[in-house]
$ cat data09.cif   # mmCIF, C-alpha atoms
data_start
loop_
_atom_site.label_atom_id
_atom_site.label_comp_id
_atom_site.auth_asym_id
_atom_site.auth_seq_id
_atom_site.Cartn_x
_atom_site.Cartn_y
_atom_site.Cartn_z
CA MET A 1 -2.96 -16.63 127.43
CA PRO A 2 -6.27 -18.35 128.35
CA TYR A 3 -6.31 -20.27 131.59
CA PRO A 4 -7.39 -23.90 131.37
CA LEU A 5 -10.04 -25.14 133.76
CA GLN A 6 -8.04 -26.12 136.82
CA SER A 7 -8.72 -29.49 138.46
CA SER A 8 -7.66 -30.18 142.04
CA VAL A 9 -7.82 -33.94 141.38
CA ALA A 10 -4.82 -35.31 139.50
CA LYS A 11 -4.98 -37.94 136.76
CA GLU A 12 -3.64 -40.44 139.29
CA THR A 13 -6.39 -41.21 141.77
CA GLU A 14 -6.02 -38.80 144.66
CA ASN A 15 -6.66 -40.04 148.20
CA ILE A 16 -8.67 -37.49 150.14
CA PHE A 17 -8.80 -37.44 153.93
CA ILE A 18 -11.67 -35.43 155.46
CA LEU A 19 -11.21 -33.02 158.35
CA GLN A 20 -14.79 -32.74 159.56
CA PRO A 21 -15.68 -29.87 161.91
CA VAL A 22 -18.61 -30.62 164.22
CA LEU A 23 -20.69 -27.52 164.89
CA ASP A 24 -23.87 -27.76 167.00
CA GLY A 25 -23.83 -31.53 166.55
CA GLN A 26 -24.68 -31.23 162.83
CA TYR A 27 -22.21 -33.16 160.73
CA ALA A 28 -23.47 -36.63 159.67
CA ASP A 29 -25.30 -35.56 156.48
CA LEU A 30 -22.59 -33.07 155.54
CA HIS A 31 -19.96 -35.77 155.95
CA LYS A 32 -21.96 -38.20 153.81
CA GLU A 33 -22.24 -35.53 151.10
CA ALA A 34 -18.49 -34.88 151.29
CA VAL A 35 -17.77 -38.55 150.57
CA SER A 36 -20.15 -38.37 147.57
CA LEU A 37 -18.44 -35.19 146.36
CA ILE A 38 -15.05 -36.91 146.55
CA GLU A 39 -16.35 -39.80 144.44
CA SER A 40 -17.93 -37.38 141.94
CA ALA A 41 -14.56 -35.63 141.58
CA GLY A 42 -12.83 -38.93 140.83
CA GLY A 43 -10.97 -39.13 144.14
CA ALA A 44 -10.80 -41.90 146.71
CA TYR A 45 -12.08 -41.47 150.26
CA ALA A 46 -9.20 -42.19 152.65
CA GLY A 47 -10.77 -41.57 156.07
CA THR A 48 -12.05 -38.91 158.43
CA VAL A 49 -11.02 -37.17 161.60
CA TYR A 50 -13.74 -35.28 163.52
CA GLN A 51 -13.26 -32.16 165.61
CA THR A 52 -15.92 -30.61 167.85
CA ILE A 53 -15.70 -26.84 167.50
CA ARG A 54 -16.57 -24.80 170.59
CA GLU A 55 -14.67 -21.72 169.51
CA ILE A 56 -13.36 -21.09 165.99
CA ASN A 57 -9.62 -20.53 165.81
CA PRO A 58 -9.23 -17.55 163.45
CA ALA A 59 -5.86 -18.84 162.20
CA THR A 60 -6.69 -22.49 161.51
CA PHE A 61 -10.42 -22.87 162.32
CA VAL A 62 -9.69 -26.05 164.33
CA GLY A 63 -7.31 -26.28 167.29
CA SER A 64 -3.57 -26.84 166.96
CA GLY A 65 -3.81 -30.07 168.96
CA LYS A 66 -6.15 -31.70 166.46
CA LEU A 67 -3.93 -30.61 163.57
CA ALA A 68 -0.90 -32.13 165.28
CA GLU A 69 -2.87 -35.37 165.82
CA LEU A 70 -3.89 -35.42 162.15
CA ASN A 71 -0.32 -34.75 161.03
CA ASP A 72 0.84 -37.79 163.01
CA MET A 73 -1.95 -39.93 161.49
CA LEU A 74 -0.91 -39.02 157.95
CA GLU A 75 2.84 -39.41 158.49
CA GLY A 76 4.35 -41.73 155.92
CA LEU A 77 1.29 -41.68 153.65
CA GLU A 78 1.72 -40.33 150.12
CA ASN A 79 -0.68 -38.72 147.63
CA ILE A 80 -2.98 -37.57 150.45
CA THR A 81 -5.04 -34.40 150.15
CA VAL A 82 -6.85 -33.04 153.20
CA LEU A 83 -10.39 -31.83 152.62
CA PHE A 84 -11.75 -29.40 155.20
CA ASN A 85 -15.50 -29.99 154.95
CA GLY A 86 -16.45 -26.35 155.19
CA GLU A 87 -15.21 -23.04 153.84
CA LEU A 88 -11.77 -21.69 154.73
CA SER A 89 -10.25 -18.26 154.29
CA PRO A 90 -7.05 -18.05 152.22
CA SER A 91 -4.87 -17.64 155.33
CA GLN A 92 -6.57 -20.55 157.12
CA THR A 93 -5.89 -22.82 154.15
CA LEU A 94 -2.18 -21.88 154.17
CA ASN A 95 -1.87 -22.21 157.96
CA ILE A 96 -3.51 -25.66 158.04
CA SER A 97 -1.22 -26.80 155.21
CA ALA A 98 1.81 -25.58 157.13
CA ALA A 99 0.65 -27.43 160.27
CA LEU A 100 0.30 -30.62 158.20
CA SER A 101 3.87 -30.56 156.91
CA GLY A 102 2.94 -28.76 153.71
CA ARG A 103 0.29 -31.22 152.58
CA LYS A 104 -2.24 -30.08 150.02
CA VAL A 105 -5.36 -28.68 151.74
CA ILE A 106 -8.63 -27.87 149.98
CA ASP A 107 -12.02 -26.85 151.28
CA ARG A 108 -15.55 -27.83 150.25
CA THR A 109 -15.81 -24.99 147.71
CA THR A 110 -12.60 -26.03 145.95
CA LEU A 111 -13.89 -29.59 145.64
CA ILE A 112 -17.24 -28.45 144.22
CA LEU A 113 -15.48 -26.19 141.71
CA ASP A 114 -13.39 -29.19 140.64
CA ILE A 115 -16.55 -31.20 139.93
CA PHE A 116 -18.03 -28.26 138.05
CA ALA A 117 -14.90 -28.06 135.88
CA LYS A 118 -15.08 -31.79 135.22
CA ASN A 119 -18.77 -31.78 134.22
CA ALA A 120 -19.03 -28.50 132.28
CA LEU A 121 -19.53 -29.43 128.62
CA SER A 122 -21.07 -26.39 126.94
CA GLY A 123 -19.13 -23.24 126.12
CA GLU A 124 -21.23 -21.20 128.52
CA GLY A 125 -20.84 -23.74 131.32
CA LYS A 126 -17.06 -23.74 130.93
CA ILE A 127 -16.95 -19.94 131.01
CA GLN A 128 -19.07 -19.79 134.16
CA VAL A 129 -16.95 -22.41 135.92
CA GLU A 130 -13.68 -20.75 134.96
CA LEU A 131 -14.98 -17.39 136.18
CA ALA A 132 -15.95 -18.91 139.51
CA GLN A 133 -12.55 -20.60 139.80
CA LEU A 134 -10.57 -17.46 139.03
CA ARG A 135 -12.60 -15.32 141.41
CA TYR A 136 -12.01 -17.93 144.09
CA ILE A 137 -8.29 -18.26 143.34
CA TYR A 138 -7.57 -14.51 143.17
CA PRO A 139 -7.64 -13.70 146.92
CA ARG A 140 -5.77 -16.98 147.62
CA LEU A 141 -2.70 -16.12 145.53
CA LYS A 142 -0.60 -15.28 148.60
CA GLY A 143 2.41 -17.57 148.53
CA GLU A 144 1.19 -19.36 145.38
CA GLY A 145 2.99 -17.28 142.79
CA GLY A 146 5.47 -19.99 141.88
CA LYS A 147 2.76 -22.57 141.31
CA LEU A 148 0.66 -20.26 139.15
CA SER A 149 3.53 -18.95 137.03
CA ARG A 150 2.91 -21.69 134.49
CA LEU A 151 -0.39 -19.97 133.61
CA GLY A 152 1.40 -16.96 132.12
CA GLY A 153 4.82 -15.34 132.02
CA GLY A 154 7.38 -14.92 129.30
CA ILE A 155 8.79 -11.90 127.45
CA GLY A 156 6.36 -9.01 127.25
CA THR A 157 4.04 -10.27 129.98
CA ARG A 158 5.67 -8.69 133.04
CA GLY A 159 5.72 -4.99 133.91
CA PRO A 160 8.85 -3.27 135.28
CA GLY A 161 9.50 -4.18 138.90
CA GLU A 162 6.56 -6.60 139.17
CA THR A 163 6.81 -9.68 141.34
CA GLN A 164 5.47 -13.02 140.11
CA LEU A 165 2.50 -12.61 142.47
CA GLU A 166 1.63 -9.22 140.95
CA THR A 167 1.95 -10.67 137.46
CA ASP A 168 -0.37 -13.55 138.29
CA ARG A 169 -2.94 -11.16 139.75
CA ARG A 170 -2.78 -8.93 136.69
CA LEU A 171 -3.25 -11.88 134.34
CA ILE A 172 -6.19 -13.20 136.33
CA ARG A 173 -7.89 -9.77 136.42
CA ARG A 174 -7.50 -9.54 132.64
CA ARG A 175 -8.91 -13.05 132.14
CA ILE A 176 -11.85 -12.31 134.47
CA ARG A 177 -12.73 -9.18 132.46
CA PHE A 178 -12.59 -11.14 129.19
CA LEU A 179 -14.74 -14.01 130.49
CA SER A 180 -17.23 -11.59 132.07
CA GLN A 181 -17.74 -9.94 128.68
CA LYS A 182 -18.31 -13.35 127.07
CA ALA A 183 -20.78 -14.31 129.81
CA ASP A 184 -22.69 -11.05 129.31
CA GLU A 185 -22.97 -11.71 125.57
CA MET A 186 -24.32 -15.20 126.20
CA LYS A 187 -26.78 -13.81 128.74
CA LYS A 188 -28.15 -11.39 126.12
CA ARG A 189 -28.64 -14.23 123.62
CA ARG A 190 -30.39 -16.32 126.26
CA MET A 191 -32.72 -13.40 127.10
CA GLN A 192 -33.57 -13.10 123.41
CA GLN A 193 -34.42 -16.82 123.28
CA THR A 194 -36.68 -16.40 126.32
CA ALA A 195 -38.38 -13.42 124.69
CA ARG A 196 -39.03 -15.44 121.51
CA ARG A 197 -40.58 -18.23 123.54
CA ARG A 198 -42.86 -15.74 125.27
CA LYS A 199 -43.84 -14.25 121.92
CA ASN A 200 -44.71 -17.69 120.56
CA ASN A 201 -46.70 -18.53 123.71
CA ALA A 202 -44.38 -21.43 124.53
CA ARG A 203 -45.17 -22.82 127.99
CA THR A 204 -42.03 -23.64 129.96
CA ILE A 205 -41.60 -26.06 132.84
CA ALA A 206 -38.36 -26.15 134.86
CA LEU A 207 -36.95 -29.10 136.75
CA VAL A 208 -35.27 -27.73 139.87
CA GLY A 209 -34.15 -29.19 143.17
CA TYR A 210 -31.38 -30.80 145.12
CA THR A 211 -28.56 -32.48 143.24
CA ASN A 212 -28.86 -36.19 142.44
CA THR A 213 -32.62 -36.47 143.05
CA GLY A 214 -33.38 -37.83 139.58
CA LYS A 215 -34.20 -34.68 137.59
CA SER A 216 -32.38 -35.83 134.45
CA THR A 217 -33.98 -39.28 134.66
CA LEU A 218 -37.39 -37.63 134.90
CA MET A 219 -36.57 -35.45 131.90
CA ASN A 220 -35.70 -38.54 129.86
CA VAL A 221 -39.00 -40.18 130.87
CA LEU A 222 -41.12 -37.14 129.98
CA THR A 223 -39.38 -36.15 126.75
CA ASP A 224 -37.82 -39.39 125.44
CA ALA A 225 -34.54 -37.49 125.48
CA ASN A 226 -31.12 -38.98 126.03
CA VAL A 227 -29.83 -36.64 128.73
CA TYR A 228 -26.75 -37.87 130.59
CA VAL A 229 -27.71 -39.63 133.83
CA GLN A 230 -25.29 -40.71 136.55
CA ASP A 231 -25.76 -41.52 140.24
CA GLN A 232 -23.43 -38.79 141.47
CA LEU A 233 -23.57 -35.19 142.64
CA PHE A 234 -23.66 -32.48 139.95
CA ALA A 235 -23.75 -34.97 137.07
CA THR A 236 -25.77 -32.36 135.14
CA LEU A 237 -24.27 -28.88 135.00
CA ASP A 238 -25.35 -27.39 131.68
CA THR A 239 -28.92 -26.33 131.07
CA THR A 240 -30.87 -28.66 128.77
CA ALA A 241 -34.21 -27.86 127.10
CA ARG A 242 -36.51 -30.34 125.35
CA ASN A 243 -39.99 -30.20 123.82
CA PHE A 244 -42.70 -32.52 125.10
CA SER A 245 -46.48 -32.65 125.22
CA VAL A 246 -49.17 -33.71 127.67
CA ASP A 247 -52.44 -34.82 126.07
CA GLY A 248 -51.52 -32.78 123.01
CA ALA A 249 -50.58 -29.60 124.91
CA PRO A 250 -46.98 -28.58 124.08
CA PHE A 251 -44.40 -27.56 126.67
CA ILE A 252 -40.67 -26.87 126.91
CA LEU A 253 -38.96 -28.72 129.75
CA THR A 254 -35.64 -27.41 131.12
CA ASP A 255 -33.15 -29.08 133.43
CA THR A 256 -30.11 -27.45 134.99
CA VAL A 257 -27.56 -27.73 137.81
CA GLY A 258 -28.86 -29.08 141.10
CA PHE A 259 -28.60 -27.35 144.44
CA LEU A 260 -26.60 -28.40 147.49
CA ARG A 261 -26.81 -27.50 151.17
CA GLU A 262 -24.39 -24.73 152.10
CA LEU A 263 -23.54 -24.19 148.44
CA PRO A 264 -21.27 -21.12 148.59
CA HIS A 265 -23.07 -17.97 147.50
CA HIS A 266 -20.44 -17.06 144.90
CA LEU A 267 -21.08 -20.38 143.15
CA VAL A 268 -24.78 -19.52 142.96
CA ASP A 269 -23.79 -16.08 141.65
CA ALA A 270 -21.59 -17.70 138.97
CA PHE A 271 -24.58 -19.62 137.61
CA ARG A 272 -27.17 -16.96 138.40
CA SER A 273 -27.85 -15.94 134.80
CA THR A 274 -28.26 -19.56 133.68
CA LEU A 275 -30.48 -20.43 136.63
CA GLU A 276 -32.59 -17.31 136.19
CA SER A 277 -33.28 -18.18 132.55
CA ALA A 278 -34.23 -21.74 133.53
CA ILE A 279 -36.55 -20.75 136.40
CA ASP A 280 -38.15 -17.90 134.47
CA CYS A 281 -40.82 -20.47 133.79
CA ASP A 282 -44.57 -20.95 133.87
CA LEU A 283 -44.27 -23.89 136.27
CA ALA A 284 -41.44 -25.41 138.33
CA LEU A 285 -41.25 -29.05 139.32
CA ILE A 286 -39.27 -29.22 142.57
CA VAL A 287 -37.86 -32.74 142.47
CA CYS A 288 -36.93 -34.38 145.80
CA ASP A 289 -35.58 -37.79 146.77
CA GLY A 290 -38.50 -39.39 148.60
CA SER A 291 -36.15 -41.96 150.14
CA GLY A 292 -33.78 -39.32 151.55
CA ASP A 293 -33.89 -36.19 153.70
CA TYR A 294 -36.55 -34.47 151.61
CA ASP A 295 -37.32 -31.81 154.24
CA MET A 296 -33.73 -30.56 153.98
CA GLN A 297 -33.86 -30.79 150.18
CA ILE A 298 -37.03 -28.69 149.99
CA LYS A 299 -35.62 -26.07 152.38
CA THR A 300 -32.33 -25.84 150.48
CA THR A 301 -34.13 -25.54 147.14
CA MET A 302 -36.60 -22.90 148.34
CA ASP A 303 -33.85 -20.85 150.00
CA THR A 304 -31.84 -20.88 146.75
CA LEU A 305 -34.89 -20.00 144.65
CA ARG A 306 -35.78 -17.10 146.93
CA ALA A 307 -32.23 -15.78 146.50
CA LEU A 308 -32.93 -15.78 142.74
CA ASN A 309 -36.25 -13.91 143.22
CA PHE A 310 -38.24 -16.93 142.04
CA SER A 311 -42.01 -16.32 141.99
CA SER A 312 -43.50 -18.90 139.59
CA PRO A 313 -46.03 -21.56 140.67
CA TYR A 314 -44.54 -24.94 141.52
CA LEU A 315 -45.31 -28.58 142.25
CA ILE A 316 -43.32 -30.67 144.72
CA VAL A 317 -42.46 -34.00 143.08
CA MET A 318 -41.32 -36.79 145.39
CA ASN A 319 -39.16 -39.05 143.24
CA LYS A 320 -37.78 -42.51 144.14
CA CYS A 321 -41.00 -43.27 146.01
CA ASP A 322 -40.48 -46.96 145.27
CA LYS A 323 -37.67 -46.81 147.86
CA ALA A 324 -39.53 -44.67 150.43
CA ALA A 325 -40.31 -46.37 153.73
CA ASP A 326 -43.26 -44.12 154.69
CA ARG A 327 -45.13 -41.80 152.33
CA THR A 328 -47.56 -40.51 154.95
CA LEU A 329 -45.04 -37.88 156.07
CA PHE A 330 -44.60 -36.41 152.59
CA PRO A 331 -45.68 -32.77 152.07
CA ALA A 332 -49.37 -32.30 151.42
CA ASP A 333 -50.40 -32.03 147.78
CA CYS A 334 -47.09 -33.41 146.48
CA VAL A 335 -46.91 -35.84 143.54
CA CYS A 336 -45.36 -39.25 144.28
CA ILE A 337 -43.44 -40.79 141.38
CA SER A 338 -40.62 -43.11 140.46
CA ALA A 339 -38.89 -41.91 137.31
CA LYS A 340 -37.06 -45.25 137.21
CA THR A 341 -40.16 -47.51 137.28
CA GLY A 342 -42.71 -45.10 135.75
CA GLU A 343 -44.92 -45.05 138.83
CA GLY A 344 -46.98 -41.85 139.14
CA ILE A 345 -45.92 -40.35 135.78
CA ASP A 346 -49.51 -40.23 134.48
CA GLU A 347 -50.62 -38.47 137.67
CA LEU A 348 -47.78 -35.98 137.28
CA LYS A 349 -48.90 -35.20 133.74
CA ARG A 350 -52.46 -34.73 134.96
CA ARG A 351 -51.27 -32.30 137.64
CA ILE A 352 -49.20 -30.40 135.07
CA LEU A 353 -52.26 -29.92 132.87
CA GLN A 354 -54.31 -28.95 135.90
CA SER A 355 -51.73 -26.28 136.79
CA PHE A 356 -52.14 -24.78 133.33
CA SER A 357 -55.93 -25.09 133.24
CA GLU A 358 -56.46 -21.37 133.86
CA LYS A 359 -53.77 -20.36 131.37
CA LEU A 360 -54.44 -23.00 128.72
CA ARG A 361 -58.12 -23.80 128.06
CA ALA A 362 -59.46 -26.79 126.17
CA ALA A 363 -62.10 -25.95 123.56
CA THR A 364 -63.73 -27.30 120.39
CA LEU A 365 -63.68 -25.02 117.35
CA PHE A 366 -65.56 -25.16 114.08
CA VAL A 367 -63.89 -23.31 111.20
CA PRO A 368 -65.86 -23.04 107.90
CA TYR A 369 -63.61 -23.41 104.88
CA ALA A 370 -64.55 -19.90 103.79
CA ARG A 371 -63.08 -18.48 107.01
CA MET A 372 -59.77 -20.35 106.89
CA PRO A 373 -57.68 -17.20 106.10
CA GLU A 374 -59.11 -15.58 109.23
CA TYR A 375 -58.36 -18.67 111.33
CA ASP A 376 -54.82 -19.03 109.94
CA ARG A 377 -53.86 -15.78 111.70
CA LEU A 378 -54.72 -17.41 115.04
CA ARG A 379 -53.47 -20.88 114.26
CA ARG A 380 -49.82 -20.49 115.28
CA ARG A 381 -50.86 -19.22 118.74
CA ILE A 382 -53.03 -22.21 119.70
CA THR A 383 -52.41 -25.94 119.93
CA GLU A 384 -54.48 -28.25 117.75
CA LYS A 385 -54.98 -31.57 119.47
CA LYS A 386 -57.29 -33.17 116.90
CA ILE A 387 -58.69 -32.11 113.49
CA ASP A 388 -61.72 -33.64 111.72
CA TYR A 389 -62.54 -32.63 108.14
CA THR A 390 -66.28 -32.29 107.52
CA ASP A 391 -68.26 -31.20 104.47
CA GLU A 392 -68.63 -27.66 105.83
CA GLY A 393 -65.30 -27.07 107.54
CA LEU A 394 -62.79 -28.19 110.18
CA MET A 395 -63.77 -29.53 113.59
CA ILE A 396 -60.81 -28.83 115.90
CA ASP A 397 -60.09 -29.87 119.48
CA ALA A 398 -57.59 -27.32 120.73
CA PHE A 399 -55.78 -25.85 123.70
CA ILE A 400 -56.12 -22.06 123.72
CA PRO A 401 -53.94 -19.67 125.76
CA GLU A 402 -55.97 -17.43 128.04
CA GLU A 403 -54.82 -14.31 126.20
CA GLU A 404 -56.12 -15.69 122.87
CA TYR A 405 -59.44 -16.96 124.21
CA ALA A 406 -61.49 -13.90 123.19
CA ALA A 407 -60.02 -13.88 119.66
CA CYS A 408 -61.06 -17.52 119.15
CA LYS A 409 -64.67 -17.06 120.35
CA PRO A 410 -66.11 -16.59 116.83
CA PHE A 411 -65.04 -20.18 116.09
CA PHE A 412 -66.36 -21.81 119.25
CA LEU A 413 -68.68 -24.69 118.45
CA SER A 414 -72.25 -23.80 119.49
CA ASP A 415 -74.50 -26.20 121.35
CA GLU A 416 -76.67 -26.56 118.24
CA SER A 417 -73.65 -27.46 116.10
CA LYS A 418 -72.56 -30.00 118.70
CA ARG A 419 -76.02 -31.59 118.59
CA LYS A 420 -75.96 -31.84 114.78
CA GLU A 421 -72.49 -33.38 114.79
CA THR A 422 -73.56 -35.92 117.38
CA GLU A 423 -76.60 -36.86 115.24
CA LYS A 424 -74.39 -37.31 112.17
CA LYS A 425 -72.05 -39.63 114.05
CA GLU A 426 -74.98 -41.68 115.36
CA LYS A 427 -76.38 -42.15 111.83
#
$ encode --input "data09.cif" --output "structure tokens"
Amino acid sequence: MPYPLQSSVAKETENIFILQPVLDGQYADLHKEAVSLIESAGGAYAGTVYQTIREINPATFVGSGKLAELNDMLEGLENITVLFNGELSPSQTLNISAALSGRKVIDRTTLILDIFAKNALSGEGKIQVELAQLRYIYPRLKGEGGKLSRLGGGIGTRGPGETQLETDRRLIRRRIRFLSQKADEMKKRRMQQTARRRKNNARTIALVGYTNTGKSTLMNVLTDANVYVQDQLFATLDTTARNFSVDGAPFILTDTVGFLRELPHHLVDAFRSTLESAIDCDLALIVCDGSGDYDMQIKTTMDTLRALNFSSPYLIVMNKCDKAADRTLFPADCVCISAKTGEGIDELKRRILQSFSEKLRAATLFVPYARMPEYDRLRRRITEKKIDYTDEGLMIDAFIPEEEYAACKPFFLSDESKRKETEKKEK
């Protein structure tokens, strides 16, 4: 029986109280992100207790005294879930729950998976999220057999002598194998699509970067698309591709899931195939929030890209510059824009064309009517920006891929032809 995508946030608004570990004094930004994650998951932020960690308790991560204090704070409150803003082992999760009178305890990864499940719309996105969930749940099944029994069970589903826990594990292993096969099939189809684009000389540009920096808004501005936009973390999960052009030169623009600091590696692995297809591009636009902690955003993005063996050229795009207090500290050679107001979009397009100048050359061609069959064989591999019909043939302003430049040389407009055309226009 297929498992549904599991959501840790109930239909009734769930109140989430944050247990925030403080390691090396770094916690403010992580705490702010946790509150945003709670809102993105549809929960309600109920408060925070902080704990400075000098030595990690292997059983509960934080000390028993702080857990007792938190248990007293939450006494009498109902529908409260405790979010540990970090990653817990299965035993730590169970031990903290026991210390808090059996209250529901989740960690940062569980919350992110919940948001992924909520925002996955495509078939591939749902498969990738469910795989990540099941792989995360599997080692945490200890003591959870009763709760998971609703996912399977019944006559013919249990082997002789098996406990409920063993049955749940067997069902999850079977489901993981099935979903992995589906994911592999989708990966093959995506690789075929990428190969076709390469064959047709399609130039691809990928929007990558930290979550909620305005990538989808920028995509809508550049392509006149209607991609879903929401001011929340991980609003976009599924990869989207749209055609657009700059000064007549055609491109394919892709947008996919954003990155997050300390995003668990197995979540990156779950979306690796999708991300690899998106960043297997000719140019990446690394979109940052110019009004936020852009240094951290750039570092997080570059670290994630390196883990995916990214090697394409890129431009750093500082979005939301209309809200930035000081632009002088921005990275050198970045492009300042505001996708919301339109500021800097023309400069961004100019920089995109400049980045392709060595791969995509502008040229003027003259094709006599008698040589049209010869030109037609090249036509699908170049981009015609403008065509003028003359008495002798076609005058074409075109963008030519570097690899087709030599083949198009017989049609290049000579200086003498340019002079004659200029004289005709003047008369």
$ resolve_selection --input "data09.cif" --expression "the PyMOL selection byres ((chain A and resi 298-309) around 10)" --output "MDAnalysis selection string"
chainID A and resid 208:211 258:263 265 268:269 272:273 275:276 279:280 286:289 293:297 310:312 316 331
$ atom_distance --input "data09.cif" --atom1 "CA of Asp391 (chain A)" --atom2 "CA of Arg377 (chain A)"
22.3 Å
$ residues_around --input "data09.cif" --residues "region 245-256 of chain A" --least-positions-apart "6" --cutoff "9 Å" --atoms "only C-alpha atoms" --output "MDAnalysis selection string"
chainID A and resid 202:208 215:216 219 222:223 236:239 274:275 278:279 349:350 352:353 360 383:386 398:399
$ resolve_selection --input "data09.cif" --expression "the PyMOL selection byres ((chain A and resi 82-98) around 7)" --output "number ranges by chain"
A: 16-21, 34, 59-61, 80-81, 99-109, 139-140
$ write_last_selection --input "data09.cif" --atoms "C-alpha atoms" --output "short mmCIF file (atom, residue, chain, number, x, y, z; two decimals), in the frame of the given file"
data_model
loop_
_atom_site.label_atom_id
_atom_site.label_comp_id
_atom_site.auth_asym_id
_atom_site.auth_seq_id
_atom_site.Cartn_x
_atom_site.Cartn_y
_atom_site.Cartn_z
CA ILE A 16 -8.67 -37.49 150.14
CA PHE A 17 -8.80 -37.44 153.93
CA ILE A 18 -11.67 -35.43 155.46
CA LEU A 19 -11.21 -33.02 158.35
CA GLN A 20 -14.79 -32.74 159.56
CA PRO A 21 -15.68 -29.87 161.91
CA ALA A 34 -18.49 -34.88 151.29
CA ALA A 59 -5.86 -18.84 162.20
CA THR A 60 -6.69 -22.49 161.51
CA PHE A 61 -10.42 -22.87 162.32
CA ILE A 80 -2.98 -37.57 150.45
CA THR A 81 -5.04 -34.40 150.15
CA ALA A 99 0.65 -27.43 160.27
CA LEU A 100 0.30 -30.62 158.20
CA SER A 101 3.87 -30.56 156.91
CA GLY A 102 2.94 -28.76 153.71
CA ARG A 103 0.29 -31.22 152.58
CA LYS A 104 -2.24 -30.08 150.02
CA VAL A 105 -5.36 -28.68 151.74
CA ILE A 106 -8.63 -27.87 149.98
CA ASP A 107 -12.02 -26.85 151.28
CA ARG A 108 -15.55 -27.83 150.25
CA THR A 109 -15.81 -24.99 147.71
CA PRO A 139 -7.64 -13.70 146.92
CA ARG A 140 -5.77 -16.98 147.62
#
$ atom_distance --input "data09.cif" --atom1 "CA of Asn212 (chain A)" --atom2 "CA of Gly125 (chain A)"
18.5 Å
$ atom_distance --input "data09.cif" --atom1 "CA of Leu285 (chain A)" --atom2 "CA of Lys359 (chain A)"
17.2 Å
$ closest_residue --input "data09.cif" --among "A:Glu69, A:Glu78, A:Asp376, A:Asp184" --to "Asn15 (chain A)" --atoms "only C-alpha atoms"
A:Glu78
$ closest_residue --input "data09.cif" --among "A:Leu134, A:Leu315, A:Leu329, A:Ile345" --to "Asn220 (chain A)" --atoms "only C-alpha atoms"
A:Ile345
$ residues_around --input "data09.cif" --residues "Ser291 (chain A)" --least-positions-apart "6" --cutoff "10 Å" --atoms "all atoms listed in the file" --output "number ranges by chain"
A: 213, 318-327
$ residues_near_point --input "data09.cif" --point "(-64.7, -26.4, 109.5)" --cutoff "12 Å" --atoms "all atoms listed in the file" --output "compact mmCIF listing (two decimals) with C-alpha atoms, keeping the file's coordinate frame"
# COMPACT_ATOMS: atom_id res chain seq x y z
CA THR A 364 -63.73 -27.30 120.39
CA LEU A 365 -63.68 -25.02 117.35
CA PHE A 366 -65.56 -25.16 114.08
CA VAL A 367 -63.89 -23.31 111.20
CA PRO A 368 -65.86 -23.04 107.90
CA TYR A 369 -63.61 -23.41 104.88
CA ALA A 370 -64.55 -19.90 103.79
CA ARG A 371 -63.08 -18.48 107.01
CA MET A 372 -59.77 -20.35 106.89
CA TYR A 375 -58.36 -18.67 111.33
CA ILE A 387 -58.69 -32.11 113.49
CA ASP A 388 -61.72 -33.64 111.72
CA TYR A 389 -62.54 -32.63 108.14
CA THR A 390 -66.28 -32.29 107.52
CA ASP A 391 -68.26 -31.20 104.47
CA GLU A 392 -68.63 -27.66 105.83
CA GLY A 393 -65.30 -27.07 107.54
CA LEU A 394 -62.79 -28.19 110.18
CA MET A 395 -63.77 -29.53 113.59
CA ILE A 396 -60.81 -28.83 115.90
CA ASP A 397 -60.09 -29.87 119.48
CA PHE A 411 -65.04 -20.18 116.09
CA PHE A 412 -66.36 -21.81 119.25
CA LEU A 413 -68.68 -24.69 118.45
CA SER A 417 -73.65 -27.46 116.10
CA GLU A 421 -72.49 -33.38 114.79
